[in-house]
2 protein chains.
Amino acid sequence: MASSRKARLYGGMDAEERRAERRLKLIDAAIEVYGEVGYRGATVKAICEAAELTERYFYESFANSEALLIAAYGHVVGHLHEEMTAAAAAAGDDAEMRLRAALTLYFTRLKQHPKPARVFLLEISGISPAVDAVKLDALRVFSDILVPPALDPKRSGKGAAASLLSVGMVGAVISIALRWVSKQYPQAVEEVVAIAASFCRVALTEAGHREDGHLS
Amino acid sequence: MASSRKARLYGGMDAEERRAERRLKLIDAAIEVYGEVGYRGATVKAICEAAELTERYFYESFANSEALLIAAYGHVVGHLHEEMTAAAAAAGDDAEMRLRAALTLYFTRLKQHPKPARVFLLEISGISPAVDAVKLDALRVFSDILVPPALDPKRSGKGAAASLLSVGMVGAVISIALRWVSKQYPQAVEEVVAIAASFCRVALTEAGHREDGHLS
DNA sequence: CAGTATTGACAATACATATTGTCAGATAAC
DNA sequence: GTTATCTGACAATATGTATTGTCAATACTG
């Protein structure tokens, strides 16, 4: 009872820690491999090799390839989400400023880390209903950062139309990002942000108009 | 020499015609099946069954599944392209009118034919470089309908930025379409068109500003 | 140092599907 | 009605990969 050590230490870590580390290595490796050959081209074996682990450890942490994809996605998106929220918050209360700040952070990270970019921009679509649901949720979160629903409290009646505006906005930003990445960043971050922001502004202003019955 | 009939007739058609008909049946069946289980879930066998043909005929017309996907995509997009061009032309010279006409046709067709919609909205992404190239080309074509480059002749200097605007526009429209379809058309066509148009207008007006050195 | 938990390499299995091949029966030509 | 062509069903093969299992080598514990 007194010596209730959880497990034998290896490399200074107990069993739990080692497992967590392997899990992380697999996620990192997955992002790497997805970025090179795409999700569907990524075999379990290739990911394990990249992670310097064997297949046994793959199934220790993940039920199947899809589970790893979702985990990798969550990993990338979780970070980004935090950072964007923080950047928006730091920019104050002005909607335009918050927008700029969040987008600038987004495109900056995109340029710094091209591989993860591919995971959550491209690879994530149309794998399975489960994966699509995860993506949908993530997009909603990002859209809320760019156009905070809190700033738009009357959004009860025209919810559906407002939702299409959010969707269009996020679609525009992601498409721009995809192209920008695949063409290897031909424009400066500020320029891309300016372009993306102009689409986001549509969602902001149109939502306002629509609330006022300014339809069509 | 005189009796240079190409081949024996079956069902009133010669060999060539029969082959063409089978090819078409396969394309139609593919669109149907993709619409139900997605491209990656669509086996050669399932498509052949839907087409009421056997695998032998699949390989008669297509080298592999990917070739059929590309053919199906071209089939759907070709039609749509013609119709949108015609609708835009019929709407006269006013950019706003052309835009409305093209978008209205797009969303109307989308509602009429949900299955093809899925093929060219969702299934087409990230299958392979070849398929992506086909898609990229198609998107460029559509973007040219919505914002004709002819109306924008000075587009030589700031080409790259203008290109991102087009990309964003098309991305917004497609995302809106996807959501609208997957939620089973909660808004009227006119309303969706209005929302989509507001994103397209960004591409039109921003392009103008940028030409005037109105950057950032 | 002896013993055991843990690891890494790799074999064995399972499975799904693409792709090619076979052949009996149907259909048109003469 | 006979023959050559074409068709449809299905078998046979090939391939690639996920998933599980085995086992010797390694790293820690006492």
# chains A, B, ... in the order shown; residues from 1 in each chain; ligands from 1
$ residues_around --residues "range 102-108 of chain A" --least-positions-apart "2" --cutoff "8 Å" --atoms "only C-alpha atoms (C1' of nucleotides)" --output "number ranges by chain"
A: 80, 83-85, 87-88, 98-100, 110-112, 145-146, 177, 189-190, 192-193, 196-197
$ write_last_selection --atoms "C-alpha atoms" --output "mmCIF file, in the first residue's frame"
data_model
loop_
_atom_site.group_PDB
_atom_site.id
_atom_site.type_symbol
_atom_site.label_atom_id
_atom_site.label_comp_id
_atom_site.auth_asym_id
_atom_site.auth_seq_id
_atom_site.Cartn_x
_atom_site.Cartn_y
_atom_site.Cartn_z
ATOM 1 C CA LEU A 80 -4.731 27.483 -32.849
ATOM 2 C CA GLU A 83 -3.970 31.449 -29.726
ATOM 3 C CA MET A 84 -6.588 33.103 -31.883
ATOM 4 C CA THR A 85 -8.860 33.699 -28.946
ATOM 5 C CA ALA A 87 -4.977 37.404 -29.944
ATOM 6 C CA ALA A 88 -8.533 38.613 -30.418
ATOM 7 C CA ARG A 98 -10.130 41.726 -33.227
ATOM 8 C CA LEU A 99 -10.701 40.459 -36.729
ATOM 9 C CA ARG A 100 -7.321 41.648 -37.923
ATOM 10 C CA LEU A 110 -0.034 28.842 -41.418
ATOM 11 C CA LYS A 111 3.178 30.107 -42.883
ATOM 12 C CA GLN A 112 5.250 28.888 -39.978
ATOM 13 C CA ILE A 145 -13.850 34.057 -32.884
ATOM 14 C CA LEU A 146 -14.016 36.143 -36.031
ATOM 15 C CA ALA A 177 -5.442 29.972 -47.021
ATOM 16 C CA VAL A 189 0.833 38.027 -44.473
ATOM 17 C CA GLU A 190 -0.621 41.529 -44.159
ATOM 18 C CA VAL A 192 -3.582 38.076 -47.306
ATOM 19 C CA VAL A 193 -5.100 39.203 -44.037
ATOM 20 C CA ALA A 196 -9.525 37.652 -45.990
ATOM 21 C CA ALA A 197 -10.782 40.430 -43.759
#
$ interface_residues --of "chain C" --to "chain A" --cutoff "9 Å" --atoms "only C-alpha atoms (C1' of nucleotides)" --output "NGL selection string"
:C and (5-6 or 8-9)
$ closest_atom_pairs --of "chain A" --to "chain B" --cutoff "7 Å" --atoms "only C-alpha atoms" --output "JSON lines"
{"residue": "A:Leu122", "atom": "CA", "partner": "B:Gly126", "partner_atom": "CA", "distance": 6.9}
{"residue": "A:Glu123", "atom": "CA", "partner": "B:Gly126", "partner_atom": "CA", "distance": 6.9}
{"residue": "A:Gly126", "atom": "CA", "partner": "B:Leu122", "partner_atom": "CA", "distance": 6.9}
{"residue": "A:Leu164", "atom": "CA", "partner": "B:Ile176", "partner_atom": "CA", "distance": 5.8}
{"residue": "A:Leu165", "atom": "CA", "partner": "B:Ile195", "partner_atom": "CA", "distance": 6.7}
{"residue": "A:Val167", "atom": "CA", "partner": "B:Ile176", "partner_atom": "CA", "distance": 5.9}
{"residue": "A:Gly168", "atom": "CA", "partner": "B:Ala172", "partner_atom": "CA", "distance": 4.1}
{"residue": "A:Met169", "atom": "CA", "partner": "B:Ala172", "partner_atom": "CA", "distance": 6.1}
{"residue": "A:Gly171", "atom": "CA", "partner": "B:Ala172", "partner_atom": "CA", "distance": 4.7}
{"residue": "A:Ala172", "atom": "CA", "partner": "B:Gly168", "partner_atom": "CA", "distance": 4.1}
{"residue": "A:Val173", "atom": "CA", "partner": "B:Gly168", "partner_atom": "CA", "distance": 6.4}
{"residue": "A:Ser175", "atom": "CA", "partner": "B:Gly171", "partner_atom": "CA", "distance": 5.2}
{"residue": "A:Ile176", "atom": "CA", "partner": "B:Gly168", "partner_atom": "CA", "distance": 5.2}
{"residue": "A:Glu191", "atom": "CA", "partner": "B:Ser216", "partner_atom": "CA", "distance": 6.8}
{"residue": "A:Ala194", "atom": "CA", "partner": "B:Ser216", "partner_atom": "CA", "distance": 6.1}
{"residue": "A:Ile195", "atom": "CA", "partner": "B:Leu165", "partner_atom": "CA", "distance": 6.8}
{"residue": "A:Ser198", "atom": "CA", "partner": "B:Val202", "partner_atom": "CA", "distance": 6.8}
{"residue": "A:Phe199", "atom": "CA", "partner": "B:Phe199", "partner_atom": "CA", "distance": 6.4}
{"residue": "A:Val202", "atom": "CA", "partner": "B:Phe199", "partner_atom": "CA", "distance": 6.5}
{"residue": "A:Ser216", "atom": "CA", "partner": "B:Ala194", "partner_atom": "CA", "distance": 6.0}
$ residues_around --residues "range 15-29 of chain C" --least-positions-apart "4" --cutoff "9 Å" --atoms "only C-alpha atoms (C1' of nucleotides)" --output "PyMOL selection string"
(chain B and resi 8-10+43-44+56+59+64) or (chain D and resi 3-7+10-15+18)
$ select_by_dssp --residues "range 38-180 of chain B" --states "helix (DSSP H, G or I)" --output "number ranges by chain"
B: 44-51, 55-61, 65-90, 95-112, 114-123, 129-146, 149-151, 159-180
$ atom_distance --atom1 "CA of Ala95 in chain B" --atom2 "CA of Val181 in chain B"
26.5 Å
$ interface_residues --of "chain D" --to "chain A" --cutoff "9 Å" --atoms "only C-alpha atoms (C1' of nucleotides)" --output "number ranges by chain"
D: 17-20, 27-29
$ residues_around --residues "Val77 in chain A" --least-positions-apart "6" --cutoff "12 Å" --atoms "only C-alpha atoms (C1' of nucleotides)" --output "ChimeraX atom specification"
/A:69-71,83-85,106,109-110,116-121,124,134-135,137-142
$ write_last_selection --atoms "N, CA and C atoms" --output "PDB file, in the first residue's frame"
ATOM      1  N   LEU A  69      -6.432  10.523 -36.946  1.00  0.00           N
ATOM      2  CA  LEU A  69      -6.707  11.741 -37.704  1.00  0.00           C
ATOM      3  C   LEU A  69      -7.459  12.743 -36.841  1.00  0.00           C
ATOM      4  N   ILE A  70      -8.480  12.266 -36.182  1.00  0.00           N
ATOM      5  CA  ILE A  70      -9.281  13.153 -35.339  1.00  0.00           C
ATOM      6  C   ILE A  70      -8.427  13.728 -34.204  1.00  0.00           C
ATOM      7  N   ALA A  71      -7.610  12.878 -33.617  1.00  0.00           N
ATOM      8  CA  ALA A  71      -6.753  13.361 -32.531  1.00  0.00           C
ATOM      9  C   ALA A  71      -5.783  14.413 -33.046  1.00  0.00           C
ATOM     10  N   GLU A  83      -4.769  30.301 -29.314  1.00  0.00           N
ATOM     11  CA  GLU A  83      -3.970  31.449 -29.726  1.00  0.00           C
ATOM     12  C   GLU A  83      -4.820  32.530 -30.377  1.00  0.00           C
ATOM     13  N   MET A  84      -5.762  32.107 -31.209  1.00  0.00           N
ATOM     14  CA  MET A  84      -6.588  33.103 -31.883  1.00  0.00           C
ATOM     15  C   MET A  84      -7.476  33.830 -30.880  1.00  0.00           C
ATOM     16  N   THR A  85      -8.015  33.068 -29.964  1.00  0.00           N
ATOM     17  CA  THR A  85      -8.860  33.699 -28.946  1.00  0.00           C
ATOM     18  C   THR A  85      -8.055  34.725 -28.154  1.00  0.00           C
ATOM     19  N   TYR A 106      -3.655  33.667 -37.514  1.00  0.00           N
ATOM     20  CA  TYR A 106      -3.966  32.472 -38.311  1.00  0.00           C
ATOM     21  C   TYR A 106      -3.000  32.328 -39.489  1.00  0.00           C
ATOM     22  N   ARG A 109       0.688  31.627 -38.427  1.00  0.00           N
ATOM     23  CA  ARG A 109       0.920  30.231 -38.055  1.00  0.00           C
ATOM     24  C   ARG A 109       0.930  29.332 -39.286  1.00  0.00           C
ATOM     25  N   LEU A 110       0.064  29.627 -40.193  1.00  0.00           N
ATOM     26  CA  LEU A 110      -0.034  28.842 -41.418  1.00  0.00           C
ATOM     27  C   LEU A 110       1.294  28.837 -42.157  1.00  0.00           C
ATOM     28  N   PRO A 116       0.986  21.035 -40.574  1.00  0.00           N
ATOM     29  CA  PRO A 116      -0.299  21.057 -39.876  1.00  0.00           C
ATOM     30  C   PRO A 116      -1.377  21.743 -40.705  1.00  0.00           C
ATOM     31  N   ALA A 117      -0.975  22.753 -41.437  1.00  0.00           N
ATOM     32  CA  ALA A 117      -1.951  23.477 -42.242  1.00  0.00           C
ATOM     33  C   ALA A 117      -2.721  22.515 -43.134  1.00  0.00           C
ATOM     34  N   ARG A 118      -1.978  21.610 -43.729  1.00  0.00           N
ATOM     35  CA  ARG A 118      -2.643  20.690 -44.642  1.00  0.00           C
ATOM     36  C   ARG A 118      -3.641  19.809 -43.919  1.00  0.00           C
ATOM     37  N   VAL A 119      -3.266  19.401 -42.719  1.00  0.00           N
ATOM     38  CA  VAL A 119      -4.160  18.513 -41.977  1.00  0.00           C
ATOM     39  C   VAL A 119      -5.517  19.147 -41.778  1.00  0.00           C
ATOM     40  N   PHE A 120      -5.521  20.385 -41.288  1.00  0.00           N
ATOM     41  CA  PHE A 120      -6.826  20.914 -40.918  1.00  0.00           C
ATOM     42  C   PHE A 120      -7.459  21.749 -42.013  1.00  0.00           C
ATOM     43  N   LEU A 121      -6.772  21.908 -43.124  1.00  0.00           N
ATOM     44  CA  LEU A 121      -7.419  22.615 -44.226  1.00  0.00           C
ATOM     45  C   LEU A 121      -7.971  21.634 -45.244  1.00  0.00           C
ATOM     46  N   ILE A 124      -9.031  16.969 -43.904  1.00  0.00           N
ATOM     47  CA  ILE A 124     -10.085  16.676 -42.951  1.00  0.00           C
ATOM     48  C   ILE A 124     -11.452  16.499 -43.602  1.00  0.00           C
ATOM     49  N   VAL A 134     -16.575  16.590 -36.550  1.00  0.00           N
ATOM     50  CA  VAL A 134     -15.495  17.252 -35.815  1.00  0.00           C
ATOM     51  C   VAL A 134     -15.100  18.543 -36.508  1.00  0.00           C
ATOM     52  N   LYS A 135     -14.980  18.460 -37.810  1.00  0.00           N
ATOM     53  CA  LYS A 135     -14.585  19.651 -38.558  1.00  0.00           C
ATOM     54  C   LYS A 135     -15.631  20.749 -38.431  1.00  0.00           C
ATOM     55  N   ASP A 137     -17.669  21.333 -36.176  1.00  0.00           N
ATOM     56  CA  ASP A 137     -17.615  21.941 -34.854  1.00  0.00           C
ATOM     57  C   ASP A 137     -16.461  22.932 -34.770  1.00  0.00           C
ATOM     58  N   ALA A 138     -15.327  22.523 -35.296  1.00  0.00           N
ATOM     59  CA  ALA A 138     -14.150  23.387 -35.252  1.00  0.00           C
ATOM     60  C   ALA A 138     -14.409  24.673 -36.033  1.00  0.00           C
ATOM     61  N   LEU A 139     -15.039  24.537 -37.171  1.00  0.00           N
ATOM     62  CA  LEU A 139     -15.294  25.729 -37.980  1.00  0.00           C
ATOM     63  C   LEU A 139     -16.227  26.695 -37.255  1.00  0.00           C
ATOM     64  N   ARG A 140     -17.195  26.137 -36.560  1.00  0.00           N
ATOM     65  CA  ARG A 140     -18.110  26.998 -35.824  1.00  0.00           C
ATOM     66  C   ARG A 140     -17.335  27.798 -34.790  1.00  0.00           C
ATOM     67  N   VAL A 141     -16.422  27.105 -34.126  1.00  0.00           N
ATOM     68  CA  VAL A 141     -15.613  27.767 -33.110  1.00  0.00           C
ATOM     69  C   VAL A 141     -14.815  28.925 -33.714  1.00  0.00           C
ATOM     70  N   PHE A 142     -14.204  28.672 -34.855  1.00  0.00           N
ATOM     71  CA  PHE A 142     -13.408  29.736 -35.474  1.00  0.00           C
ATOM     72  C   PHE A 142     -14.292  30.887 -35.925  1.00  0.00           C
TER      73      PHE A 142
END
$ residues_around --residues "Ala46 in chain A" --least-positions-apart "6" --cutoff "9 Å" --atoms "only C-alpha atoms (C1' of nucleotides)" --output "compact mmCIF listing (two decimals) with C-alpha atoms, in the first residue's frame"
# COMPACT_ATOMS: atom_id res chain seq x y z
CA ALA A 29 4.35 11.89 -37.04
CA ALA A 30 0.85 11.74 -38.45
CA VAL A 33 3.08 12.20 -42.99
$ atom_distance --atom1 "CA of Tyr57 in chain B" --atom2 "CA of Lys25 in chain B"
10.5 Å
$ atom_distance --atom1 "CA of Gln184 in chain A" --atom2 "CA of Val147 in chain B"
24.8 Å
$ decode --residues "chain D" --atoms "C-alpha atoms (C1' of nucleotides)" --output "mmCIF file, in the first residue's frame"
data_model
loop_
_atom_site.group_PDB
_atom_site.id
_atom_site.type_symbol
_atom_site.label_atom_id
_atom_site.label_comp_id
_atom_site.auth_asym_id
_atom_site.auth_seq_id
_atom_site.Cartn_x
_atom_site.Cartn_y
_atom_site.Cartn_z
ATOM 1 C "C1'" DG D 1 -31.118 -22.697 -88.841
ATOM 2 C "C1'" DT D 2 -26.432 -22.234 -88.473
ATOM 3 C "C1'" DT D 3 -22.538 -19.529 -87.264
ATOM 4 C "C1'" DA D 4 -19.989 -15.725 -85.435
ATOM 5 C "C1'" DT D 5 -20.282 -12.031 -82.305
ATOM 6 C "C1'" DC D 6 -21.493 -10.125 -78.156
ATOM 7 C "C1'" DT D 7 -23.128 -10.223 -73.451
ATOM 8 C "C1'" DG D 8 -23.611 -11.194 -68.443
ATOM 9 C "C1'" DA D 9 -22.502 -13.873 -64.531
ATOM 10 C "C1'" DC D 10 -19.024 -15.270 -61.998
ATOM 11 C "C1'" DA D 11 -14.413 -17.438 -60.888
ATOM 12 C "C1'" DA D 12 -9.463 -16.568 -60.315
ATOM 13 C "C1'" DT D 13 -5.777 -13.786 -59.344
ATOM 14 C "C1'" DA D 14 -3.208 -9.977 -57.505
ATOM 15 C "C1'" DT D 15 -2.326 -6.539 -54.336
ATOM 16 C "C1'" DG D 16 -2.218 -3.704 -50.546
ATOM 17 C "C1'" DT D 17 -2.950 -2.903 -45.915
ATOM 18 C "C1'" DA D 18 -4.983 -3.285 -41.265
ATOM 19 C "C1'" DT D 19 -4.670 -5.847 -37.241
ATOM 20 C "C1'" DT D 20 -3.047 -9.359 -34.138
ATOM 21 C "C1'" DG D 21 0.467 -12.355 -32.463
ATOM 22 C "C1'" DT D 22 5.272 -14.123 -31.413
ATOM 23 C "C1'" DC D 23 9.731 -13.753 -29.511
ATOM 24 C "C1'" DA D 24 14.342 -12.417 -28.683
ATOM 25 C "C1'" DA D 25 16.806 -8.327 -27.134
ATOM 26 C "C1'" DT D 26 16.853 -4.583 -23.940
ATOM 27 C "C1'" DA D 27 16.309 -1.796 -19.690
ATOM 28 C "C1'" DC D 28 15.106 -1.498 -15.227
ATOM 29 C "C1'" DT D 29 14.416 -3.352 -10.251
ATOM 30 C "C1'" DG D 30 15.966 -5.384 -6.037
#
